[in-house]
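As provided, final-v8.cif (mmCIF, C-alpha atoms) reads as follows.
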```cif
data_target
#
loop_
_atom_site.group_PDB
_atom_site.id
_atom_site.type_symbol
_atom_site.label_atom_id
_atom_site.label_comp_id
_atom_site.auth_asym_id
_atom_site.auth_seq_id
_atom_site.Cartn_x
_atom_site.Cartn_y
_atom_site.Cartn_z
ATOM 1 C CA MET G 1 28.095 -39.472 -3.686
ATOM 2 C CA LYS G 2 25.172 -39.541 -1.274
ATOM 3 C CA ARG G 3 22.846 -36.560 -0.940
ATOM 4 C CA GLU G 4 24.154 -35.459 2.470
ATOM 5 C CA GLU G 5 27.757 -35.811 1.329
ATOM 6 C CA ARG G 6 27.001 -33.726 -1.758
ATOM 7 C CA ARG G 7 25.352 -30.992 0.286
ATOM 8 C CA GLN G 8 28.264 -30.906 2.700
ATOM 9 C CA ALA G 9 30.597 -30.631 -0.287
ATOM 10 C CA ILE G 10 28.564 -27.670 -1.557
ATOM 11 C CA MET G 11 28.913 -25.954 1.816
ATOM 12 C CA ASP G 12 32.650 -26.678 1.866
ATOM 13 C CA LEU G 13 32.967 -24.961 -1.506
ATOM 14 C CA LEU G 14 31.008 -21.969 -0.238
ATOM 15 C CA VAL G 15 33.293 -21.505 2.750
ATOM 16 C CA THR G 16 36.220 -20.687 0.467
ATOM 17 C CA ALA G 17 34.566 -19.453 -2.736
ATOM 18 C CA ARG G 18 31.581 -17.691 -1.050
ATOM 19 C CA ALA G 19 29.510 -18.338 -4.202
ATOM 20 C CA VAL G 20 28.840 -21.363 -6.412
ATOM 21 C CA ASP G 21 27.474 -21.792 -9.932
ATOM 22 C CA LEU G 22 24.585 -24.171 -10.651
ATOM 23 C CA ASP G 23 26.056 -25.558 -13.878
ATOM 24 C CA ASP G 24 29.457 -26.091 -12.269
ATOM 25 C CA LEU G 25 27.892 -27.985 -9.380
ATOM 26 C CA ALA G 26 25.902 -30.244 -11.701
ATOM 27 C CA GLU G 27 29.059 -31.072 -13.652
ATOM 28 C CA ARG G 28 31.225 -31.498 -10.542
ATOM 29 C CA PHE G 29 28.846 -33.963 -8.889
ATOM 30 C CA GLN G 30 27.565 -35.572 -12.098
ATOM 31 C CA VAL G 31 23.909 -34.925 -11.247
ATOM 32 C CA SER G 32 21.082 -33.057 -12.958
ATOM 33 C CA LYS G 33 20.490 -29.338 -12.512
ATOM 34 C CA MET G 34 17.170 -30.169 -10.863
ATOM 35 C CA THR G 35 18.995 -32.234 -8.249
ATOM 36 C CA VAL G 36 21.301 -29.311 -7.551
ATOM 37 C CA HIS G 37 18.275 -27.000 -7.354
ATOM 38 C CA ARG G 38 16.747 -29.255 -4.716
ATOM 39 C CA ASP G 39 20.006 -29.323 -2.775
ATOM 40 C CA LEU G 40 20.234 -25.539 -2.824
ATOM 41 C CA ASP G 41 16.555 -25.165 -1.905
ATOM 42 C CA ASP G 42 16.994 -27.379 1.156
ATOM 43 C CA LEU G 43 20.203 -25.638 2.210
ATOM 44 C CA GLU G 44 18.520 -22.262 1.808
ATOM 45 C CA GLN G 45 15.563 -23.445 3.865
ATOM 46 C CA ALA G 46 18.027 -24.412 6.594
ATOM 47 C CA GLY G 47 19.430 -20.867 6.499
ATOM 48 C CA LEU G 48 22.856 -21.957 5.286
ATOM 49 C CA LEU G 49 22.952 -20.094 1.962
ATOM 50 C CA ARG G 50 21.105 -17.661 -0.252
ATOM 51 C CA LYS G 51 20.063 -18.689 -3.742
ATOM 52 C CA ILE G 52 20.860 -16.227 -6.489
ATOM 53 C CA ARG G 53 20.402 -16.343 -10.247
ATOM 54 C CA GLY G 54 22.400 -19.274 -11.562
ATOM 55 C CA GLY G 55 23.723 -20.459 -8.202
ATOM 56 C CA ALA G 56 24.027 -19.618 -4.514
ATOM 57 C CA THR G 57 26.086 -17.535 -2.109
ATOM 58 C CA VAL G 58 26.843 -17.184 1.580
ATOM 59 C CA GLU G 59 27.441 -13.442 1.240
ATOM 60 C CA SER G 60 24.997 -11.402 3.290
ATOM 61 C CA GLY G 61 21.984 -9.725 1.709
ATOM 62 C CA THR G 62 19.434 -7.237 2.992
ATOM 63 C CA GLN G 63 17.552 -10.059 4.750
ATOM 64 C CA PHE G 64 20.166 -12.823 4.870
ATOM 65 C CA GLU G 65 23.204 -13.598 6.969
ATOM 66 C CA SER G 66 25.026 -16.899 6.606
ATOM 67 C CA ASP G 67 25.002 -19.470 9.368
ATOM 68 C CA PHE G 68 27.464 -19.024 12.268
ATOM 69 C CA ARG G 69 29.170 -22.303 11.305
ATOM 70 C CA ILE G 70 30.036 -20.891 7.873
ATOM 71 C CA ARG G 71 31.257 -17.526 9.121
ATOM 72 C CA ALA G 72 33.375 -19.142 11.823
ATOM 73 C CA MET G 73 35.498 -20.829 9.138
ATOM 74 C CA GLN G 74 36.120 -17.684 7.102
ATOM 75 C CA ASP G 75 38.771 -14.942 7.349
ATOM 76 C CA ALA G 76 40.556 -16.432 10.374
ATOM 77 C CA GLU G 77 43.698 -14.302 10.020
ATOM 78 C CA ALA G 78 41.729 -11.069 9.642
ATOM 79 C CA LYS G 79 39.597 -11.916 12.657
ATOM 80 C CA ALA G 80 42.695 -12.626 14.742
ATOM 81 C CA ARG G 81 44.134 -9.211 13.887
ATOM 82 C CA MET G 82 40.890 -7.451 14.783
ATOM 83 C CA ALA G 83 40.649 -9.405 18.031
ATOM 84 C CA ARG G 84 44.153 -8.296 19.040
ATOM 85 C CA ALA G 85 43.357 -4.673 18.196
ATOM 86 C CA ALA G 86 40.093 -4.869 20.142
ATOM 87 C CA ALA G 87 41.832 -6.333 23.175
ATOM 88 C CA GLY G 88 44.105 -3.303 23.155
ATOM 89 C CA LEU G 89 41.132 -1.244 24.346
ATOM 90 C CA VAL G 90 40.682 -3.409 27.444
ATOM 91 C CA GLU G 91 42.335 -2.893 30.827
ATOM 92 C CA PRO G 92 42.377 -5.339 33.736
ATOM 93 C CA GLY G 93 39.427 -4.856 36.058
ATOM 94 C CA MET G 94 37.023 -3.770 33.342
ATOM 95 C CA THR G 95 33.550 -5.127 32.704
ATOM 96 C CA VAL G 96 33.265 -5.982 29.011
ATOM 97 C CA MET G 97 30.302 -7.003 26.877
ATOM 98 C CA VAL G 98 30.759 -9.240 23.822
ATOM 99 C CA ASN G 99 27.892 -9.732 21.378
ATOM 100 C CA ASP G 100 27.134 -12.498 18.909
ATOM 101 C CA GLY G 101 29.542 -12.856 15.993
ATOM 102 C CA SER G 102 31.900 -15.339 14.432
ATOM 103 C CA MET G 103 35.095 -13.622 15.634
ATOM 104 C CA ALA G 104 33.944 -13.394 19.254
ATOM 105 C CA ALA G 105 35.593 -16.662 20.307
ATOM 106 C CA LEU G 106 38.954 -15.329 19.104
ATOM 107 C CA LEU G 107 38.321 -12.104 20.981
ATOM 108 C CA ALA G 108 37.434 -14.052 24.123
ATOM 109 C CA SER G 109 40.707 -15.991 23.940
ATOM 110 C CA THR G 110 42.617 -12.720 23.665
ATOM 111 C CA LEU G 111 40.737 -11.172 26.595
ATOM 112 C CA VAL G 112 42.141 -13.848 28.905
ATOM 113 C CA GLU G 113 45.434 -11.939 28.782
ATOM 114 C CA LYS G 114 43.665 -8.930 30.350
ATOM 115 C CA ARG G 115 42.293 -10.620 33.445
ATOM 116 C CA PRO G 116 40.907 -9.973 35.948
ATOM 117 C CA LEU G 117 37.840 -9.117 33.893
ATOM 118 C CA THR G 118 34.096 -9.416 34.041
ATOM 119 C CA VAL G 119 32.709 -10.544 30.689
ATOM 120 C CA ILE G 120 29.009 -10.303 29.854
ATOM 121 C CA THR G 121 27.878 -12.146 26.742
ATOM 122 C CA ASN G 122 25.010 -13.770 24.865
ATOM 123 C CA ASN G 123 27.494 -15.636 22.652
ATOM 124 C CA ALA G 124 27.706 -19.409 23.227
ATOM 125 C CA ALA G 125 31.206 -19.574 21.715
ATOM 126 C CA VAL G 126 32.468 -16.994 24.207
ATOM 127 C CA LEU G 127 30.897 -18.950 27.064
ATOM 128 C CA ASP G 128 32.694 -22.083 25.890
ATOM 129 C CA VAL G 129 36.064 -20.329 25.715
ATOM 130 C CA LEU G 130 35.867 -18.542 29.066
ATOM 131 C CA ARG G 131 33.830 -20.856 31.273
ATOM 132 C CA ASN G 132 36.854 -22.432 33.013
ATOM 133 C CA GLU G 133 39.212 -19.456 32.998
ATOM 134 C CA ILE G 134 40.445 -18.279 36.395
ATOM 135 C CA GLY G 135 40.258 -14.517 36.794
ATOM 136 C CA ILE G 136 37.260 -14.144 34.480
ATOM 137 C CA THR G 137 33.888 -13.420 36.037
ATOM 138 C CA LEU G 138 31.543 -14.669 33.339
ATOM 139 C CA ILE G 139 27.951 -13.437 33.135
ATOM 140 C CA ALA G 140 25.843 -15.438 30.693
ATOM 141 C CA LEU G 141 22.813 -13.663 29.294
ATOM 142 C CA GLY G 142 19.773 -15.916 29.079
ATOM 143 C CA GLY G 143 17.231 -15.934 26.313
ATOM 144 C CA ILE G 144 16.158 -18.014 23.351
ATOM 145 C CA TYR G 145 19.025 -19.846 21.678
ATOM 146 C CA SER G 146 19.582 -19.234 17.953
ATOM 147 C CA ALA G 147 21.632 -21.910 16.212
ATOM 148 C CA LYS G 148 22.076 -19.587 13.233
ATOM 149 C CA TYR G 149 23.941 -17.050 15.361
ATOM 150 C CA ASN G 150 25.095 -19.425 18.141
ATOM 151 C CA ALA G 151 23.789 -16.894 20.636
ATOM 152 C CA PHE G 152 20.834 -15.990 22.838
ATOM 153 C CA PHE G 153 18.241 -13.328 22.075
ATOM 154 C CA GLY G 154 14.807 -12.107 23.053
ATOM 155 C CA VAL G 155 12.975 -10.487 25.944
ATOM 156 C CA VAL G 156 14.971 -12.344 28.602
ATOM 157 C CA THR G 157 18.279 -11.229 27.060
ATOM 158 C CA GLU G 158 17.193 -7.628 26.712
ATOM 159 C CA GLY G 159 15.744 -7.569 30.230
ATOM 160 C CA ALA G 160 19.018 -8.810 31.716
ATOM 161 C CA LEU G 161 20.991 -6.188 29.813
ATOM 162 C CA SER G 162 18.729 -3.422 31.134
ATOM 163 C CA ARG G 163 19.944 -4.276 34.656
ATOM 164 C CA LEU G 164 23.658 -4.417 33.849
ATOM 165 C CA ARG G 165 26.368 -1.863 33.135
ATOM 166 C CA ALA G 166 29.729 -2.322 31.428
ATOM 167 C CA ASP G 167 32.800 -0.240 30.666
ATOM 168 C CA LEU G 168 33.010 -1.399 27.065
ATOM 169 C CA ALA G 169 30.820 -3.280 24.582
ATOM 170 C CA PHE G 170 32.134 -5.009 21.483
ATOM 171 C CA ILE G 171 29.542 -4.967 18.711
ATOM 172 C CA SER G 172 29.765 -6.596 15.271
ATOM 173 C CA THR G 173 27.665 -6.036 12.184
ATOM 174 C CA PRO G 174 27.379 -7.558 8.700
ATOM 175 C CA ALA G 175 26.818 -4.312 6.799
ATOM 176 C CA VAL G 176 27.885 -0.671 6.751
ATOM 177 C CA ALA G 177 26.680 1.771 4.118
ATOM 178 C CA GLY G 178 27.653 5.417 4.226
ATOM 179 C CA CYS G 179 27.832 6.260 7.909
ATOM 180 C CA ARG G 180 25.335 3.714 9.176
ATOM 181 C CA ALA G 181 25.591 0.119 10.392
ATOM 182 C CA PHE G 182 22.869 -2.350 9.438
ATOM 183 C CA HIS G 183 21.632 -5.812 10.335
ATOM 184 C CA MET G 184 19.021 -8.061 8.716
ATOM 185 C CA ASP G 185 17.486 -9.417 11.937
ATOM 186 C CA ASP G 186 15.428 -7.118 14.162
ATOM 187 C CA GLU G 187 15.799 -9.343 17.233
ATOM 188 C CA VAL G 188 19.580 -9.268 16.908
ATOM 189 C CA VAL G 189 19.452 -5.493 16.478
ATOM 190 C CA ARG G 190 17.513 -5.119 19.731
ATOM 191 C CA THR G 191 20.116 -7.102 21.685
ATOM 192 C CA LYS G 192 23.023 -5.190 20.160
ATOM 193 C CA ARG G 193 21.289 -1.887 20.944
ATOM 194 C CA ALA G 194 20.676 -3.022 24.522
ATOM 195 C CA MET G 195 24.400 -3.746 24.888
ATOM 196 C CA MET G 196 25.300 -0.357 23.459
ATOM 197 C CA ASN G 197 22.915 1.368 25.872
ATOM 198 C CA ALA G 198 24.400 -0.540 28.819
ATOM 199 C CA ALA G 199 28.049 0.320 28.094
ATOM 200 C CA ALA G 200 30.033 3.470 28.791
ATOM 201 C CA GLN G 201 31.917 2.972 25.519
ATOM 202 C CA THR G 202 31.285 0.905 22.395
ATOM 203 C CA CYS G 203 33.550 -0.573 19.735
ATOM 204 C CA LEU G 204 32.326 -1.732 16.337
ATOM 205 C CA LEU G 205 34.157 -4.680 14.772
ATOM 206 C CA ILE G 206 33.602 -5.142 11.044
ATOM 207 C CA ASN G 207 35.376 -6.943 8.221
ATOM 208 C CA HIS G 208 36.332 -4.531 5.424
ATOM 209 C CA LYS G 209 34.333 -6.640 2.948
ATOM 210 C CA ARG G 210 31.149 -5.631 4.762
ATOM 211 C CA PHE G 211 31.478 -1.945 3.889
ATOM 212 C CA GLY G 212 29.301 -0.653 1.070
ATOM 213 C CA ARG G 213 26.439 -2.983 2.008
ATOM 214 C CA SER G 214 23.114 -2.430 3.684
ATOM 215 C CA ALA G 215 20.585 -4.681 5.368
ATOM 216 C CA LEU G 216 16.951 -4.438 6.373
ATOM 217 C CA HIS G 217 17.351 -2.716 9.741
ATOM 218 C CA VAL G 218 19.480 0.237 10.814
ATOM 219 C CA LEU G 219 21.581 -0.756 13.809
ATOM 220 C CA ALA G 220 23.292 2.555 14.536
ATOM 221 C CA ASP G 221 24.993 5.603 13.119
ATOM 222 C CA LEU G 222 28.749 5.116 13.077
ATOM 223 C CA THR G 223 29.113 8.250 15.179
ATOM 224 C CA GLU G 224 27.569 6.296 18.078
ATOM 225 C CA PHE G 225 30.682 4.141 18.377
ATOM 226 C CA ASP G 226 33.744 5.272 20.281
ATOM 227 C CA ALA G 227 35.989 3.054 18.149
ATOM 228 C CA ILE G 228 35.618 1.210 14.829
ATOM 229 C CA ILE G 229 38.048 -1.593 13.989
ATOM 230 C CA THR G 230 38.405 -3.326 10.645
ATOM 231 C CA ASP G 231 40.986 -5.640 9.090
ATOM 232 C CA ALA G 232 41.850 -3.681 5.914
ATOM 233 C CA ALA G 233 41.021 -0.394 4.249
ATOM 234 C CA PRO G 234 37.508 -0.324 2.755
ATOM 235 C CA ALA G 235 36.862 0.907 -0.770
ATOM 236 C CA PRO G 236 37.875 4.561 -1.280
ATOM 237 C CA GLU G 237 34.285 5.779 -1.586
ATOM 238 C CA ASP G 238 33.334 4.107 1.694
ATOM 239 C CA ARG G 239 36.375 5.520 3.485
ATOM 240 C CA ALA G 240 35.671 8.966 2.040
ATOM 241 C CA ALA G 241 32.166 9.025 3.506
ATOM 242 C CA MET G 242 33.571 8.281 6.941
ATOM 243 C CA ASP G 243 36.340 10.852 6.582
ATOM 244 C CA ARG G 244 33.815 13.534 5.642
ATOM 245 C CA ALA G 245 31.860 12.744 8.804
ATOM 246 C CA GLY G 246 35.014 12.843 10.934
ATOM 247 C CA ILE G 247 34.693 9.167 11.874
ATOM 248 C CA LYS G 248 37.947 7.522 12.931
ATOM 249 C CA LEU G 249 38.644 4.051 11.544
ATOM 250 C CA THR G 250 41.301 1.761 13.019
ATOM 251 C CA ILE G 251 42.815 -0.802 10.645
ATOM 252 C CA ALA G 252 44.158 -3.817 12.523
ATOM 253 C CA ARG G 253 47.692 -4.496 11.332
ATOM 254 C CA ASN G 254 49.783 -7.602 11.856
ATOM 255 C CA ASP G 255 51.531 -5.928 14.774
ATOM 256 C CA ALA G 256 48.260 -4.834 16.428
#
```

Mind converting the file's structure to structure tokens?
Amino acid sequence: MKREERRQAIMDLLVTARAVDLDDLAERFQVSKMTVHRDLDDLEQAGLLRKIRGGATVESGTQFESDFRIRAMQDAEAKARMARAAAGLVEPGMTVMVNDGSMAALLASTLVEKRPLTVITNNAAVLDVLRNEIGITLIALGGIYSAKYNAFFGVVTEGALSRLRADLAFISTPAVAGCRAFHMDDEVVRTKRAMMNAAAQTCLLINHKRFGRSALHVLADLTEFDAIITDAAPAPEDRAAMDRAGIKLTIARNDA
């Protein structure tokens, strides 16, 4: 197996398993541990994974979020349920903001059913889904393109958001600990905050696996969101913290 084929195979394993073991990889591909180390080093340098003791993972850390291409292939059914639940908050005629995130394309497809709508986004996947849809006024936020997030960020993005207003903003995050949402990238945090400030109401979308985690930067207190949607109940201790604070959590069911 050639080097690029082997590295693609490693990423394919990570999509489903989320973590891989160094020894297992060396045995699977019949190469030395040093060769696997080099593969993992290069993939980490590209921002595709995070090396850990004895292997690698695509699970988020305090300063790491996996590449958009990895996240887009994970948890499809859960994302679809959350997208349907999120669309239930939208009424025809609204102006809606959609941030970066791997479930945003699914949400965009669902929003088509709510047209006419105005959709404001920095997410390239959302632009691709909605660009030819009749009844959707699509406002693309400029900025510097990030392949890691498949979205646009920076001063241009934030400046545009400061001159716009929306009825509802959909915000995603890779980590919630206690009653706070976190993100590992300060530039992404600034854009999400700008969307929140520009919207009359905000909805947080988060996979239940992301509860009980923190990241480098505080994005917001959960009390700042008008709605929080997840795909399944978080761990009891995480749910208890929200219940004590009087924070409502919506779990997207199959009939959402």

Option closest in space to G:Val126, from G:Ser146, G:Ser102, G:Thr191, G:Gln8 [counting all atoms listed in the file]:
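Once distances to G:Val126 are computed over all atoms listed in the file, the minimum belongs to G:Ser102.
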
Residues within 7 Å of G:Thr110, all atoms listed in the file, excluding chain neighbours under 6 positions, as a PDB file with C-alpha atoms, keeping the file's coordinate frame:
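See around_0.pdb below for the written result:
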```pdb
ATOM      1  CA  ALA G  83      40.649  -9.405  18.031  1.00  0.00           C
ATOM      2  CA  ARG G  84      44.153  -8.296  19.040  1.00  0.00           C
ATOM      3  CA  ALA G  87      41.832  -6.333  23.175  1.00  0.00           C
TER       4      ALA G  87
END
```

When you count only C-alpha atoms, which of these residues is closest to G:Arg210: G:Arg180, G:Arg165, G:Arg81, G:Lys114?
G:Arg180

Mind telling me what the PyMOL selection byres ((chain G and resi 192) around 12) catches here, as a PyMOL selection string?
chain G and resi 97-101+121-123+151-154+157-158+161-162+169-173+181-183+185-191+193-199+202-204+218-220

Report, in Å with one decimal, the straight-line distance from atom CA of G:Tyr145 to atom CA of G:Ser214.
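Distance reported for this atom pair: 25.4 Å.
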
Build an axis-aligned box that encloses every atom of stretch 7-13 of chain G listed in the file, pad it by 6 Å on each side, and report its centre and edge lengths in Å to one decimal, as JSON.
```
{"center_x": 29.2, "center_y": -28.0, "center_z": 0.6, "size_x": 19.6, "size_y": 18.0, "size_z": 16.3}
```

List the residues matched by the PyMOL selection byres ((chain G and resi 18-33) around 7) in the displayed structure as a PDB file with C-alpha atoms, in the frame of the given file, ordered by chain and then by residue number.
```
ATOM      1  CA  LEU G  14      31.008 -21.969  -0.238  1.00  0.00           C
ATOM      2  CA  VAL G  15      33.293 -21.505   2.750  1.00  0.00           C
ATOM      3  CA  THR G  16      36.220 -20.687   0.467  1.00  0.00           C
ATOM      4  CA  ALA G  17      34.566 -19.453  -2.736  1.00  0.00           C
ATOM      5  CA  MET G  34      17.170 -30.169 -10.863  1.00  0.00           C
ATOM      6  CA  THR G  35      18.995 -32.234  -8.249  1.00  0.00           C
ATOM      7  CA  VAL G  36      21.301 -29.311  -7.551  1.00  0.00           C
ATOM      8  CA  HIS G  37      18.275 -27.000  -7.354  1.00  0.00           C
ATOM      9  CA  GLY G  54      22.400 -19.274 -11.562  1.00  0.00           C
ATOM     10  CA  GLY G  55      23.723 -20.459  -8.202  1.00  0.00           C
ATOM     11  CA  ALA G  56      24.027 -19.618  -4.514  1.00  0.00           C
ATOM     12  CA  THR G  57      26.086 -17.535  -2.109  1.00  0.00           C
ATOM     13  CA  VAL G  58      26.843 -17.184   1.580  1.00  0.00           C
ATOM     14  CA  GLU G  59      27.441 -13.442   1.240  1.00  0.00           C
TER      15      GLU G  59
END
```

I'd like to know which of G:Ile251, G:Ala245, G:Gln201, G:Ile136 is closest to G:Leu89, using all atoms listed in the file.
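Selected residue with least distance to G:Leu89: G:Gln201.
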
Determine, counting only C-alpha atoms, which protein, DNA and RNA residues have an atom within 10 Å of an atom of G:Val90; residues of the same chain fewer than 4 positions away are not included. Present the result as a PyMOL selection string.
chain G and resi 85-86+94-96+111+113-115+117+167-168

Resulting file, chosen residues, C-alpha atoms, as an mmCIF file, in the coordinates of the input:
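Full text of part16.cif as output:
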```cif
data_model
loop_
_atom_site.group_PDB
_atom_site.id
_atom_site.type_symbol
_atom_site.label_atom_id
_atom_site.label_comp_id
_atom_site.auth_asym_id
_atom_site.auth_seq_id
_atom_site.Cartn_x
_atom_site.Cartn_y
_atom_site.Cartn_z
ATOM 1 C CA ALA G 85 43.357 -4.673 18.196
ATOM 2 C CA ALA G 86 40.093 -4.869 20.142
ATOM 3 C CA MET G 94 37.023 -3.770 33.342
ATOM 4 C CA THR G 95 33.550 -5.127 32.704
ATOM 5 C CA VAL G 96 33.265 -5.982 29.011
ATOM 6 C CA LEU G 111 40.737 -11.172 26.595
ATOM 7 C CA GLU G 113 45.434 -11.939 28.782
ATOM 8 C CA LYS G 114 43.665 -8.930 30.350
ATOM 9 C CA ARG G 115 42.293 -10.620 33.445
ATOM 10 C CA LEU G 117 37.840 -9.117 33.893
ATOM 11 C CA ASP G 167 32.800 -0.240 30.666
ATOM 12 C CA LEU G 168 33.010 -1.399 27.065
#
```

What separation in Å, quoted to one decimal, exists between atom CA of G:Glu44 and atom CA of G:Ala9?
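So the two atoms, atom CA of G:Glu44 and atom CA of G:Ala9, lie 14.8 Å apart.
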
Could you name the residues that touch G:Ala177 at 7 Å or less, counting all atoms listed in the file, but leaving out those on the same chain fewer than 6 positions away, as a ChimeraX atom specification?
/G:211-214

Interatomic distance, atom CA of G:Leu249 to atom CA of G:Lys79 (Å, one decimal):
16.0 Å

Apply the PyMOL selection byres ((chain G and resi 127) around 9) to the file shown and report the selected residues as an MDAnalysis selection string.
chainID G and resid 105 108 121:126 128:131 138:140

Residues near G:Asp231, cut-off 6 Å, all atoms listed in the file, skip fewer than 4 positions along chain, as an NGL selection string:
:G and (78 or 82 or 207 or 251-252)
